[in-house]
Amino acid sequence: MSFIADFHIHSKYSRATSKDMDVASLTKWAKIKGISMLGTGDFTHPIWLAELKKNLEEVGSGVYSHDEMLFVLTTEVSNIYFKAGRTRKVHNMIFAPSLDIAEEINHALSEHGKLDSDGRPILNLDCARMVKMLLAIDPAIFFVPGHAWTPHFSIFGSNYGFDSPEECFEAELPKIFSIETGLSSDPEMNWRWSKLDRFCMVSNSDAHSPAKIGREANVFDKKINYKDLIDVLKKKDKTRFLYTIEFFPEEGKYHWDGHRACNTRLSPNEAMKTNNICPVCGKKVTVGVMHRLEDLADRPEGFVDAKSPSFKRLVPLAEIIGDALGVSPDSVKVEREYRQLIKNFGNEFKVLLDMDEKELKSKCPAKIASGIINVRKGSVTIEPGYDGEYGKVSVFKEGDDVPEKQLSFF
């Protein structure tokens with residue numbers, strides 16, 4: 001059975017997060033989703049770190065547990081600083097091998113920002129300097145630039161990012177061996193830029209509420225510990241790291257260019273024709289992930305890096321159910337259907353990934369089964385996300401209708 005991990009989440013101490021992002025709720029929802037290991041998120045926040053110490057039991061090799069759910073210690077920091085004539089804003093994930101080392105990290109970082117102000121603290125600290133400083137504490141600490149292409153806060157973001165990994169990390173670049181794709185890009189997009197060949201791509205949910213856990217994740221062939229994770233990522237070991245679970249990147253909220261205030265969505269080509277100016281108000285649009293990647297890519301669309309782990313694009317089960325029922329994914333109807341499916345089959349990933357078509361059609365409501373099959377085949381329609389607005393996914397087309405009585409368990 002596969003081992004699924006989601007390393008990038010946030011606690012209730014991060015801005016704009018659910019009050020339910022505590023250890024107990026995270027554990028409960030990880031089991032509902034079918035996740036085997038979670039990142040703790042936010043260990044830089046002193047109150048959250050205290051809660052982690054209280055609620056997690058060390059099981060060895062850099063791994064902790066709560067009610068049989070495995071955790072590794074992770075946090076995300078926002079590095080905001082001036083470099084090479086420009087303000088830079090980069091989000092980095094930090095992985096720690098133990099609670100003691102997490103405390104030492106916090107002590108070092110507290111000199112550069114107020115850690116208790118947010119679960120994802122702002123640091124006036126150059127990325128390269130941070131890597132060098134923290135690796136002096138323990139060489140087992142490692143770093144993953146987060147959601148690498150988002151416009152406002154990422155290593156390659158169009159607004160405050162860099163044009164190469166070397167510019168960001170300089171002499172410390174050999175210590176960086178993984179990059180997070182983010183919801184608006186996937187490995188296939190990243191393979192188009194040869195400068196990223198040395199990195200192992202990971203994907204995580206960046207969840208701010210429990211139900212969003214696992215919307216992107218990483219699938220390994222068997223149980224891993226902290227040391228295993230480092231080894232797998234350094235080697236891009238596709239025999240152990242099987243694939244990532246991805247959004248359709250168009251669904252990400254920064255995939256295309258646009259201006260949310262004017263309801264203006266533009267493809268990269270359309271934005272280039274207007275010189276990145278909103279045709280409604282005349283202000284500059286937010287240049288999205290696809291456009292930014294086109295600027296830096298040196299390979300054609302469709303290029304495959306055969307040395308990298310693969311990926312599978314999914315739509316969260318609640319969205320599929322909502323589309324089948326014609327209601328919001330957050331509705332009571334969807335919650336009832338979702339809980340019934342989980343009760344019947346064990347967890348969300350079993351439904352989305354493991355059940356074969358025959359079993360889906362015989363055991364799930366017909367239209368929901370049809371929607372899951374469509375997603376597996378990539379047969380979906382998406383209005384791309386832009387400027388902070390998620391894309392809109394439709395998993396059904398004309399001719400997919402089934403009798404109303406087959407829509408639901410209820």
# chains A, B, ... in the order shown; residues from 1 in each chain; ligands from 1

call {"tool": "select_by_dssp", "arguments": {"residues": "stretch 330-394 of chain A", "states": "alpha helix (DSSP H)", "output": "VMD selection string"}}
result
chain A and resid 332 to 345 348 to 349 357 to 363 366 to 377

call {"tool": "closest_atom_pairs", "arguments": {"of": "stretch 119-230 of chain A", "to": "stretch 34-55 of chain A", "cutoff": "10 Å", "atoms": "only C-alpha atoms", "output": "Markdown table"}}
result
| residue | atom | partner | partner_atom | distance |
| --- | --- | --- | --- | --- |
| A:Gly119 | CA | A:Asp42 | CA | 4.8 |
| A:Arg120 | CA | A:Asp42 | CA | 6.2 |
| A:Pro121 | CA | A:Thr44 | CA | 7.6 |
| A:Asn204 | CA | A:Gly39 | CA | 9.5 |
| A:Asp206 | CA | A:Gly41 | CA | 9.0 |
| A:Ala207 | CA | A:Gly41 | CA | 9.6 |
| A:Ile213 | CA | A:Ile35 | CA | 8.6 |
| A:Gly214 | CA | A:Ile35 | CA | 7.1 |
| A:Ala217 | CA | A:Ile35 | CA | 8.5 |
| A:Asn218 | CA | A:Ile35 | CA | 9.4 |
| A:Val219 | CA | A:Ile35 | CA | 9.4 |
| A:Lys222 | CA | A:Ser36 | CA | 10.0 |
| A:Lys223 | CA | A:Ser36 | CA | 8.2 |
| A:Ile224 | CA | A:Met37 | CA | 8.9 |
| A:Asn225 | CA | A:Met37 | CA | 9.6 |

call {"tool": "select_by_dssp", "arguments": {"residues": "stretch 216-361 of chain A", "states": "strand (DSSP E)", "output": "list in words"}}
result
Ala217, Asn218, Val219, Phe220, Phe241, Leu242, Tyr243, Thr244, Ile245, Glu246, Asp257, Gly258, His259, Thr264, Arg265, Leu266, Ser310, Phe311, Lys312 and Arg313 of chain A

call {"tool": "residues_around", "arguments": {"residues": "A:Lys238", "least_positions_apart": "3", "cutoff": "10 Å", "atoms": "only C-alpha atoms", "output": "VMD selection string"}}
result
chain A and resid 200 220 to 221 232 to 233 235 241 to 243 306 to 310

call {"tool": "write_last_selection", "arguments": {"atoms": "C-alpha atoms", "output": "tab-separated table (two decimals), in the first residue's frame"}}
result
chain	number	residue	atom	x	y	z
A	200	CYS	CA	13.23	16.82	-7.05
A	220	PHE	CA	6.10	6.86	-1.80
A	221	ASP	CA	6.30	3.11	-2.26
A	232	VAL	CA	14.96	10.02	-1.74
A	233	LEU	CA	14.81	13.72	-2.60
A	235	LYS	CA	18.62	11.13	-5.48
A	241	PHE	CA	9.14	8.33	-4.74
A	242	LEU	CA	6.42	7.11	-7.09
A	243	TYR	CA	4.56	10.30	-8.01
A	306	ALA	CA	12.37	10.64	-17.56
A	307	LYS	CA	14.61	10.78	-14.48
A	308	SER	CA	11.98	12.40	-12.25
A	309	PRO	CA	9.09	10.86	-10.30
A	310	SER	CA	5.81	11.01	-12.18

call {"tool": "closest_residue", "arguments": {"among": "A:Leu56, A:Met189, A:Ala318, A:Val280", "to": "A:Ser98", "atoms": "only C-alpha atoms"}}
result
A:Leu56

call {"tool": "closest_residue", "arguments": {"among": "A:Gly391, A:Gly258, A:Pro187, A:Gly371", "to": "A:Ile320", "atoms": "only C-alpha atoms"}}
result
A:Gly371

call {"tool": "closest_atom_pairs", "arguments": {"of": "stretch 50-165 of chain A", "to": "stretch 290-300 of chain A", "cutoff": "9 Å", "atoms": "only C-alpha atoms", "output": "Markdown table"}}
result
| residue | atom | partner | partner_atom | distance |
| --- | --- | --- | --- | --- |
| A:Trp149 | CA | A:Arg292 | CA | 7.6 |
| A:Pro151 | CA | A:Arg292 | CA | 8.4 |
| A:Phe156 | CA | A:Arg292 | CA | 8.0 |
| A:Gly157 | CA | A:Arg292 | CA | 7.4 |
| A:Ser158 | CA | A:Arg292 | CA | 6.0 |
| A:Asp163 | CA | A:Leu296 | CA | 7.4 |
| A:Ser164 | CA | A:Leu296 | CA | 8.6 |

call {"tool": "atom_distance", "arguments": {"atom1": "atom CA of A:Pro139", "atom2": "atom CA of A:Glu68"}}
result
28.3 Å

call {"tool": "atom_distance", "arguments": {"atom1": "atom CA of A:Val334", "atom2": "atom CA of A:Lys19"}}
result
21.9 Å

call {"tool": "atom_distance", "arguments": {"atom1": "atom CA of A:Pro249", "atom2": "atom CA of A:Arg265"}}
result
15.2 Å

call {"tool": "closest_residue", "arguments": {"among": "A:Cys168, A:Ile368, A:Phe311, A:Ser362", "to": "A:Glu337", "atoms": "only C-alpha atoms"}}
result
A:Ile368

call {"tool": "residues_around", "arguments": {"residues": "A:Leu26", "least_positions_apart": "3", "cutoff": "9 Å", "atoms": "only C-alpha atoms", "output": "PyMOL selection string"}}
result
chain A and resi 20-23+29-31+38+209-210+213

call {"tool": "write_last_selection", "arguments": {"atoms": "C-alpha atoms", "output": "compact mmCIF listing (two decimals), in the first residue's frame"}}
result
# COMPACT_ATOMS: atom_id res chain seq x y z
CA ASP A 20 -9.53 23.73 13.77
CA MET A 21 -5.94 23.46 12.55
CA ASP A 22 -4.80 21.69 15.72
CA VAL A 23 -3.06 18.35 16.16
CA TRP A 29 -8.61 14.66 8.60
CA ALA A 30 -5.37 13.08 7.48
CA LYS A 31 -6.95 9.69 8.12
CA LEU A 38 1.95 15.16 7.74
CA SER A 209 -8.19 24.30 6.90
CA PRO A 210 -8.40 20.57 7.68
CA ILE A 213 -5.19 18.61 3.54

call {"tool": "residues_around", "arguments": {"residues": "A:Thr87", "least_positions_apart": "5", "cutoff": "12 Å", "atoms": "only C-alpha atoms", "output": "ChimeraX atom specification"}}
result
/A:79-82,124-126,152-153,157,159-162

call {"tool": "write_last_selection", "arguments": {"atoms": "N, CA and C atoms", "output": "mmCIF file, in the first residue's frame"}}
result
data_model
loop_
_atom_site.group_PDB
_atom_site.id
_atom_site.type_symbol
_atom_site.label_atom_id
_atom_site.label_comp_id
_atom_site.auth_asym_id
_atom_site.auth_seq_id
_atom_site.Cartn_x
_atom_site.Cartn_y
_atom_site.Cartn_z
ATOM 1 N N ASN A 79 10.845 35.101 3.612
ATOM 2 C CA ASN A 79 12.079 35.881 3.548
ATOM 3 C C ASN A 79 11.831 37.125 2.696
ATOM 4 N N ILE A 80 11.845 38.285 3.321
ATOM 5 C CA ILE A 80 11.632 39.548 2.615
ATOM 6 C C ILE A 80 12.862 40.429 2.849
ATOM 7 N N TYR A 81 13.566 40.747 1.761
ATOM 8 C CA TYR A 81 14.827 41.470 1.898
ATOM 9 C C TYR A 81 15.168 42.133 0.572
ATOM 10 N N PHE A 82 16.183 42.971 0.581
ATOM 11 C CA PHE A 82 16.604 43.708 -0.608
ATOM 12 C C PHE A 82 17.871 43.064 -1.162
ATOM 13 N N ASN A 124 13.649 39.344 7.857
ATOM 14 C CA ASN A 124 14.528 40.189 7.067
ATOM 15 C C ASN A 124 15.863 39.454 6.950
ATOM 16 N N LEU A 125 15.884 38.459 6.062
ATOM 17 C CA LEU A 125 17.013 37.540 6.016
ATOM 18 C C LEU A 125 17.174 36.960 4.615
ATOM 19 N N ASP A 126 18.334 37.158 4.040
ATOM 20 C CA ASP A 126 18.674 36.610 2.728
ATOM 21 C C ASP A 126 18.570 35.081 2.760
ATOM 22 N N HIS A 152 3.676 36.624 -5.976
ATOM 23 C CA HIS A 152 4.033 37.571 -4.924
ATOM 24 C C HIS A 152 5.099 37.075 -3.944
ATOM 25 N N PHE A 153 5.122 35.776 -3.651
ATOM 26 C CA PHE A 153 5.994 35.270 -2.589
ATOM 27 C C PHE A 153 6.627 33.937 -2.995
ATOM 28 N N GLY A 157 8.809 34.003 -8.539
ATOM 29 C CA GLY A 157 7.605 34.807 -8.738
ATOM 30 C C GLY A 157 7.834 36.031 -9.608
ATOM 31 N N ASN A 159 6.706 39.001 -9.469
ATOM 32 C CA ASN A 159 6.804 40.310 -8.825
ATOM 33 C C ASN A 159 8.078 40.511 -8.014
ATOM 34 N N TYR A 160 8.485 39.488 -7.246
ATOM 35 C CA TYR A 160 9.598 39.692 -6.312
ATOM 36 C C TYR A 160 10.606 38.541 -6.329
ATOM 37 N N GLY A 161 10.539 37.686 -7.338
ATOM 38 C CA GLY A 161 11.404 36.517 -7.368
ATOM 39 C C GLY A 161 12.689 36.735 -8.153
ATOM 40 N N PHE A 162 13.395 35.642 -8.357
ATOM 41 C CA PHE A 162 14.675 35.635 -9.064
ATOM 42 C C PHE A 162 14.519 34.962 -10.431
#

call {"tool": "closest_residue", "arguments": {"among": "A:Thr274, A:Ile32, A:Ile382, A:Arg198", "to": "A:Gly346", "atoms": "only C-alpha atoms"}}
result
A:Ile32

call {"tool": "closest_residue", "arguments": {"among": "A:Glu359, A:Glu166, A:Glu111, A:Asp323", "to": "A:Val380", "atoms": "only C-alpha atoms"}}
result
A:Asp323
